[in-house]
Amino acid sequence: MSDDPNGPPPLVTPQDQSNDGGEKPIFLFSHPKIVFLYPTFLVAVICGIISFFSGTTSISLPGPDGQEVTHLVATRAGEITTMAFMCVFVLNLIVLAFDFPRTTSLTLFFFGAAVAMGLFLLFHFHPELFGVIGKVFESMKPVANTSFFFMFAGILFGFYLLVLASLRFDYWEVRPNELLHRHGILSDLKRHPTANIRIDKEINDVFEYLLLGSGRLIIHLANEPRAIVLDNVFFINKKEQQLTKLLGALQVHLTKD
């Protein structure tokens with residue numbers, strides 16, 4: 001090797017940035033739709049706390065043997081808490097069941113939901129205004145106790161733990177020169193070069209984007225006939241910016257001959 005300044009120029013070769021302390025790899029996870037039930041999970045916890053303190057009241061009534069028996073009766077606060085939980089749960093299920101790809105559909109949904117909830121509350125609290133229909137709504141008094149709310153939240157929390165564990169066994173790692181797919185209990189690894197890679201971003205549901213910044217990433221590889229589709233990628237705009245920066249940069253390593 002010579003340090004002659006008049007000698008040939010140093011050789012320029014592309015290198016993986018991660019090997020030289022450059023850009024960190026980007027991890028991509030595809031999530032199941034159950035993660036979008038987190039508003040219902042939070043409301044269930046809040047309703048459980050409210051119900052614990054003011055959801056029921058105790059009254060004493062004479063029993064069959066003449067002795068007084070204490071009964072737990074739902075309070076007005078308990079009824080309202082249950083109705084609030086049901087409304088959030090129904091809206092959350094609509095988010096999971098249907099896609100709202102445009103802002104117009106989002107506006108129509110909010111309008112329809114507001115009208116439906118307003119009519120329901122009007123029927124429930126003023127049944128005399130609507131005759132027979134009002135009486136039907138008046139008879140509907142769903143009441144859930146503290147155990148129901150906490151059990152519901154506990155079940156969802158258990159599913160979230162399972163989802164979190166499953167993500168460790170199936171995810172993608174993007175580096176400047178390669179795309180790695182790690183999957184399976186033993187972390188099987190499949191490598192793909194990032195040469196001529198193309199990544200598309202889609203936001204198919206406005207609600208899912210509002211809840212977790214979620215969207216779909218479609219990865220097109222030169223050596224793969226089928227595109228790689230990752231649904232429900234969290235904070236997709238940030239991921240897109242990171243991918244653009246990582247894959248658009250080229251680091252060179254200078255060597256001397």
# chains A, B, ... in the order shown; residues from 1 in each chain; ligands from 1
$ select_by_dssp --residues "range 81-214 of chain A" --states "strand (DSSP E or B)" --output "list of chain:residue names"
A:Asp170, A:Tyr171, A:Trp172, A:Glu173, A:Val174, A:Glu178, A:Leu179, A:Leu180, A:His181, A:Arg182, A:His183, A:Asp188, A:Leu189, A:Lys190, A:Arg191, A:His192, A:Pro193, A:Arg198, A:Ile199, A:Asp200, A:Lys201, A:Glu202
$ residues_around --residues "Arg216 in chain A" --least-positions-apart "6" --cutoff "8 Å" --atoms "only C-alpha atoms" --output "VMD selection string"
chain A and resid 201 to 204 229 to 233 236
$ write_last_selection --atoms "N, CA, C and O atoms" --output "mmCIF file, in the first residue's frame"
data_model
loop_
_atom_site.group_PDB
_atom_site.id
_atom_site.type_symbol
_atom_site.label_atom_id
_atom_site.label_comp_id
_atom_site.auth_asym_id
_atom_site.auth_seq_id
_atom_site.Cartn_x
_atom_site.Cartn_y
_atom_site.Cartn_z
ATOM 1 N N LYS A 201 -47.026 3.916 0.411
ATOM 2 C CA LYS A 201 -47.778 4.133 1.651
ATOM 3 C C LYS A 201 -49.246 4.349 1.319
ATOM 4 O O LYS A 201 -49.577 5.090 0.399
ATOM 5 N N GLU A 202 -50.123 3.701 2.076
ATOM 6 C CA GLU A 202 -51.573 3.866 1.898
ATOM 7 C C GLU A 202 -52.219 4.106 3.248
ATOM 8 O O GLU A 202 -51.881 3.440 4.230
ATOM 9 N N ILE A 203 -53.141 5.058 3.285
ATOM 10 C CA ILE A 203 -53.962 5.301 4.481
ATOM 11 C C ILE A 203 -55.404 5.011 4.080
ATOM 12 O O ILE A 203 -56.073 5.829 3.447
ATOM 13 N N ASN A 204 -55.868 3.817 4.410
ATOM 14 C CA ASN A 204 -57.178 3.351 3.967
ATOM 15 C C ASN A 204 -58.305 3.709 4.924
ATOM 16 O O ASN A 204 -59.476 3.607 4.562
ATOM 17 N N VAL A 229 -46.840 -6.786 1.959
ATOM 18 C CA VAL A 229 -47.864 -5.880 2.469
ATOM 19 C C VAL A 229 -47.851 -5.929 3.993
ATOM 20 O O VAL A 229 -48.027 -6.999 4.585
ATOM 21 N N LEU A 230 -47.642 -4.791 4.618
ATOM 22 C CA LEU A 230 -47.651 -4.670 6.071
ATOM 23 C C LEU A 230 -48.828 -3.783 6.462
ATOM 24 O O LEU A 230 -48.815 -2.573 6.199
ATOM 25 N N ASP A 231 -49.834 -4.380 7.076
ATOM 26 C CA ASP A 231 -51.028 -3.638 7.486
ATOM 27 C C ASP A 231 -50.853 -3.092 8.900
ATOM 28 O O ASP A 231 -50.155 -3.669 9.737
ATOM 29 N N ASN A 232 -51.547 -1.991 9.137
ATOM 30 C CA ASN A 232 -51.622 -1.391 10.484
ATOM 31 C C ASN A 232 -50.233 -1.112 11.063
ATOM 32 O O ASN A 232 -49.899 -1.533 12.177
ATOM 33 N N VAL A 233 -49.429 -0.415 10.289
ATOM 34 C CA VAL A 233 -48.119 0.034 10.776
ATOM 35 C C VAL A 233 -48.324 1.349 11.522
ATOM 36 O O VAL A 233 -48.865 2.317 10.968
ATOM 37 N N ILE A 236 -47.263 5.861 10.580
ATOM 38 C CA ILE A 236 -46.740 5.511 9.266
ATOM 39 C C ILE A 236 -46.027 6.673 8.600
ATOM 40 O O ILE A 236 -45.064 6.481 7.849
#
$ residues_around --residues "Ser187 in chain A" --least-positions-apart "3" --cutoff "10 Å" --atoms "only C-alpha atoms" --output "number ranges by chain"
A: 168-171, 181-184, 190
$ atom_distance --atom1 "CA of Met86 in chain A" --atom2 "CA of Tyr38 in chain A"
14.2 Å
$ select_by_dssp --residues "range 75-257 of chain A" --states "alpha helix (DSSP H)" --output "PyMOL selection string"
chain A and resi 76-97+103-125+131-139+146-167+206-212+236-248
$ closest_residue --among "A:Gly215, A:Ile49, A:Asn92, A:Asn145" --to "Glu79 in chain A" --atoms "only C-alpha atoms"
A:Asn145
$ atom_distance --atom1 "CA of Asn196 in chain A" --atom2 "CA of Ile219 in chain A"
10.8 Å
$ closest_residue --among "A:Tyr209, A:Phe85, A:Phe150, A:Phe53" --to "Pro101 in chain A" --atoms "only C-alpha atoms"
A:Tyr209
$ closest_residue --among "A:Leu119, A:Met83, A:Ala77, A:Ile185" --to "Phe52 in chain A" --atoms "only C-alpha atoms"
A:Ala77
$ residues_around --residues "Leu93 in chain A" --least-positions-apart "4" --cutoff "8 Å" --atoms "only C-alpha atoms" --output "ChimeraX atom specification"
/A:37,89,97
$ write_last_selection --atoms "N, CA, C and O atoms" --output "tab-separated table (two decimals), in the first residue's frame"
chain	number	residue	atom	x	y	z
A	37	LEU	N	-58.98	-1.25	19.59
A	37	LEU	CA	-59.99	-1.25	20.65
A	37	LEU	C	-59.49	-0.58	21.92
A	37	LEU	O	-60.17	-0.63	22.95
A	89	PHE	N	-68.09	1.60	22.87
A	89	PHE	CA	-67.84	0.26	22.36
A	89	PHE	C	-68.43	0.10	20.95
A	89	PHE	O	-67.78	-0.46	20.05
A	97	ALA	N	-65.05	-2.53	11.83
A	97	ALA	CA	-65.84	-3.25	10.83
A	97	ALA	C	-65.79	-2.59	9.45
A	97	ALA	O	-65.88	-3.28	8.43
$ residues_around --residues "range 152-156 of chain A" --least-positions-apart "6" --cutoff "9 Å" --atoms "only C-alpha atoms" --output "list in words"
Ile34, Leu37, Tyr38, Thr40, Phe41, Leu42, Val43, Ala44, Val45 and Gly48 of chain A
$ closest_residue --among "A:Phe111, A:Phe98, A:Phe120, A:Phe235" --to "Leu210 in chain A" --atoms "only C-alpha atoms"
A:Phe235
$ atom_distance --atom1 "CA of Thr82 in chain A" --atom2 "CA of Lys141 in chain A"
8.9 Å
